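Notes for the one structure printed next.
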Amino acid sequence: MASSPDVTPSAGNTPENPESGSLSEASETPDGPARRGRVRARRAAVMAVPATLVAGALAVLTAEGALGVQFAISGMPFTVTATELNGTGFEQFGGLDQMAPGSPNEGDTGGQVLVITSAIKNATLTKLCQSVDLGGTNLLITAGSGAEKVTASDLTTDSTELSGDASFNNIEIGNDASTLTKAGVKGPIGVFSQQADTVRIANLRQTNYATTAGVFKLPGLKLSFSSTGC
């Protein structure tokens, strides 16, 4: 998630116009038809994130919304785990993250990653672990293993995989992402979404590409290198 106690989201592209910038540039490359086909397929997938996916494996945390990812991602996924996450003000919808132009991690994706975007207004996490594979070794970050838990406000993350045992209070499924109200984040119009007053996830595990937060407090923070990840 983060290696410093206070993290402020960067400024950049907004989710209200997810087709700007990188998508138009992709269509101008020499392999235009194939690239455009991949972009259209990803956009179609974003518009149809099924309820079974977002409700059955809800890990919480991500968003290309007003508070979401607004920077070029590295394209290197990282793992996040916690024994328990509790949050108030929860939202979730589909989105696209964009790598920096010419990133060596883009492969055949055109530099775009389809993600589940989520947001929590206020969250606490117990025994947080984050690891990123650097090729032969892992950068490992842990926090919140003692009496004091990790806390975050305006927390968002962008995930490609997420799992855990989730429960929600007053959940709404099938909202238009542009009408969300629970976490202060609004997604693109016409995109499937859901929101709830509260969320609890036990045994949280995520594969993330980005995280932002207004304030992120990590008591007992420890950073090290390890042969194994989270």
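Scheme for the structure tokens: letters A, B, ... for chains in order shown; per-chain residue numbers from 1; ligand numbers from 1 in order shown.
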
Within 6 Å of A:Thr198, counting only C-alpha atoms, which residues show up once you throw out same-chain ones fewer than 4 positions away? Write them as a PyMOL selection string, please. chain A and resi 87-89+168-169

Please list as a PyMOL selection string every residue within 7 Å of stretch 98-104 of chain A, counting only C-alpha atoms and excluding residues in the same chain fewer than 5 positions away. chain A and resi 72-75+111-113

Using all heavy atoms, can you export the residues from the last selection as a compact mmCIF listing (two decimals), in the first residue's frame?
```txt
# COMPACT_ATOMS: atom_id res chain seq x y z
N ALA A 72 0.62 7.92 -13.45
CA ALA A 72 1.02 6.80 -14.29
C ALA A 72 1.55 5.69 -13.40
O ALA A 72 2.49 5.89 -12.63
CB ALA A 72 2.09 7.24 -15.28
N ILE A 73 0.93 4.50 -13.48
CA ILE A 73 1.37 3.39 -12.64
C ILE A 73 2.65 2.77 -13.21
O ILE A 73 2.94 2.89 -14.40
CB ILE A 73 0.27 2.32 -12.53
CG1 ILE A 73 -0.06 1.72 -13.91
CG2 ILE A 73 -0.97 2.90 -11.88
CD1 ILE A 73 -0.98 0.50 -13.84
N SER A 74 3.41 2.08 -12.35
CA SER A 74 4.64 1.44 -12.81
C SER A 74 4.36 0.21 -13.65
O SER A 74 5.21 -0.19 -14.46
CB SER A 74 5.49 1.04 -11.59
OG SER A 74 4.88 -0.03 -10.89
N GLY A 75 3.20 -0.41 -13.42
CA GLY A 75 2.89 -1.66 -14.11
C GLY A 75 3.41 -2.88 -13.37
O GLY A 75 3.28 -4.00 -13.85
N GLY A 111 -0.10 -0.69 -22.30
CA GLY A 111 0.16 0.13 -21.12
C GLY A 111 -1.06 0.33 -20.24
O GLY A 111 -1.03 1.13 -19.32
N GLN A 112 -2.15 -0.42 -20.51
CA GLN A 112 -3.37 -0.28 -19.73
C GLN A 112 -3.66 -1.53 -18.92
O GLN A 112 -3.38 -2.63 -19.36
CB GLN A 112 -4.55 0.04 -20.63
CG GLN A 112 -4.45 1.40 -21.32
CD GLN A 112 -5.60 1.64 -22.26
OE1 GLN A 112 -6.09 0.71 -22.88
NE2 GLN A 112 -6.00 2.89 -22.39
N VAL A 113 -4.20 -1.33 -17.72
CA VAL A 113 -4.56 -2.45 -16.85
C VAL A 113 -6.01 -2.27 -16.41
O VAL A 113 -6.39 -1.22 -15.89
CB VAL A 113 -3.66 -2.50 -15.59
CG1 VAL A 113 -4.08 -3.67 -14.70
CG2 VAL A 113 -2.20 -2.64 -15.98
```

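Minimum atom-to-atom distances from A:Thr83, A:Thr156, A:Thr151, A:Thr179 to A:Ile120 were compared using only C-alpha atoms, and the lowest value belongs to A:Thr156.
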
For A:Phe216, which of A:Glu106, A:Glu84, A:Glu91, A:Asp154 is the closest residue, counting only C-alpha atoms? A:Asp154

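Minimum atom-to-atom distances from A:Ser167, A:Asp176, A:Gly135, A:Thr157 to A:Ser226 were compared using only C-alpha atoms, and the lowest value belongs to A:Gly135.
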
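Using only C-alpha atoms, the nearest neighbour of A:Val150 within the list A:Leu162, A:Ala196, A:Ile189, A:Ala123 is A:Ala123.
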
Can you write out as a tab-separated table which residues of stretch 86-144 of chain A fall within 10 Å of stretch 181-188 of chain A, alongside each residue's closest atom pair and its distance in Å to one decimal, counting only C-alpha atoms and ordering rows by chain and ascending residue number?
```
residue	atom	partner	partner_atom	distance
A:Thr88	CA	A:Ala183	CA	8.1
A:Gly89	CA	A:Lys182	CA	4.6
A:Phe90	CA	A:Ala183	CA	5.7
A:Glu91	CA	A:Ala183	CA	6.2
A:Gln92	CA	A:Gly187	CA	9.0
A:Phe93	CA	A:Gly187	CA	7.2
A:Gly94	CA	A:Gly187	CA	8.4
A:Gly95	CA	A:Gly187	CA	8.3
A:Thr117	CA	A:Gly187	CA	9.1
A:Ser118	CA	A:Val185	CA	9.1
A:Ala119	CA	A:Ala183	CA	6.3
A:Ile120	CA	A:Ala183	CA	5.6
A:Lys121	CA	A:Ala183	CA	4.7
A:Asn122	CA	A:Ala183	CA	8.4
```

Can you pull out every residue within 8 Å of A:Gln130, counting only C-alpha atoms, but drop anything in the same chain fewer than 4 positions away, and send it as a short mmCIF file (atom, residue, chain, number, x, y, z; two decimals) with N, CA and C atoms, in the first residue's frame?
```
data_model
loop_
_atom_site.label_atom_id
_atom_site.label_comp_id
_atom_site.auth_asym_id
_atom_site.auth_seq_id
_atom_site.Cartn_x
_atom_site.Cartn_y
_atom_site.Cartn_z
N MET A 1 0.82 -1.20 0.00
CA MET A 1 0.00 0.00 0.00
C MET A 1 0.86 1.26 0.00
N PHE A 78 1.60 -5.44 -6.81
CA PHE A 78 2.07 -5.74 -5.46
C PHE A 78 0.95 -6.40 -4.67
N THR A 79 1.33 -7.23 -3.72
CA THR A 79 0.38 -7.97 -2.90
C THR A 79 0.13 -7.24 -1.60
N VAL A 80 -1.14 -7.20 -1.18
CA VAL A 80 -1.52 -6.61 0.10
C VAL A 80 -2.38 -7.61 0.85
N THR A 81 -2.04 -7.84 2.13
CA THR A 81 -2.85 -8.71 2.97
C THR A 81 -3.12 -8.02 4.30
N LEU A 140 9.40 -5.91 1.33
CA LEU A 140 8.35 -6.27 2.27
C LEU A 140 8.10 -5.12 3.23
N ILE A 141 6.82 -4.75 3.39
CA ILE A 141 6.41 -3.71 4.33
C ILE A 141 5.33 -4.29 5.25
N THR A 142 5.52 -4.15 6.56
CA THR A 142 4.52 -4.60 7.52
C THR A 142 4.22 -3.47 8.50
N GLY A 229 7.16 -13.22 -0.18
CA GLY A 229 6.28 -12.07 -0.06
C GLY A 229 5.20 -12.32 0.98
N CYS A 230 4.14 -11.51 0.94
CA CYS A 230 3.05 -11.63 1.90
C CYS A 230 2.24 -12.89 1.64
#
```

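Between atom CA of A:Glu172 and atom CA of A:Ala82 the interatomic distance comes to 24.9 Å.
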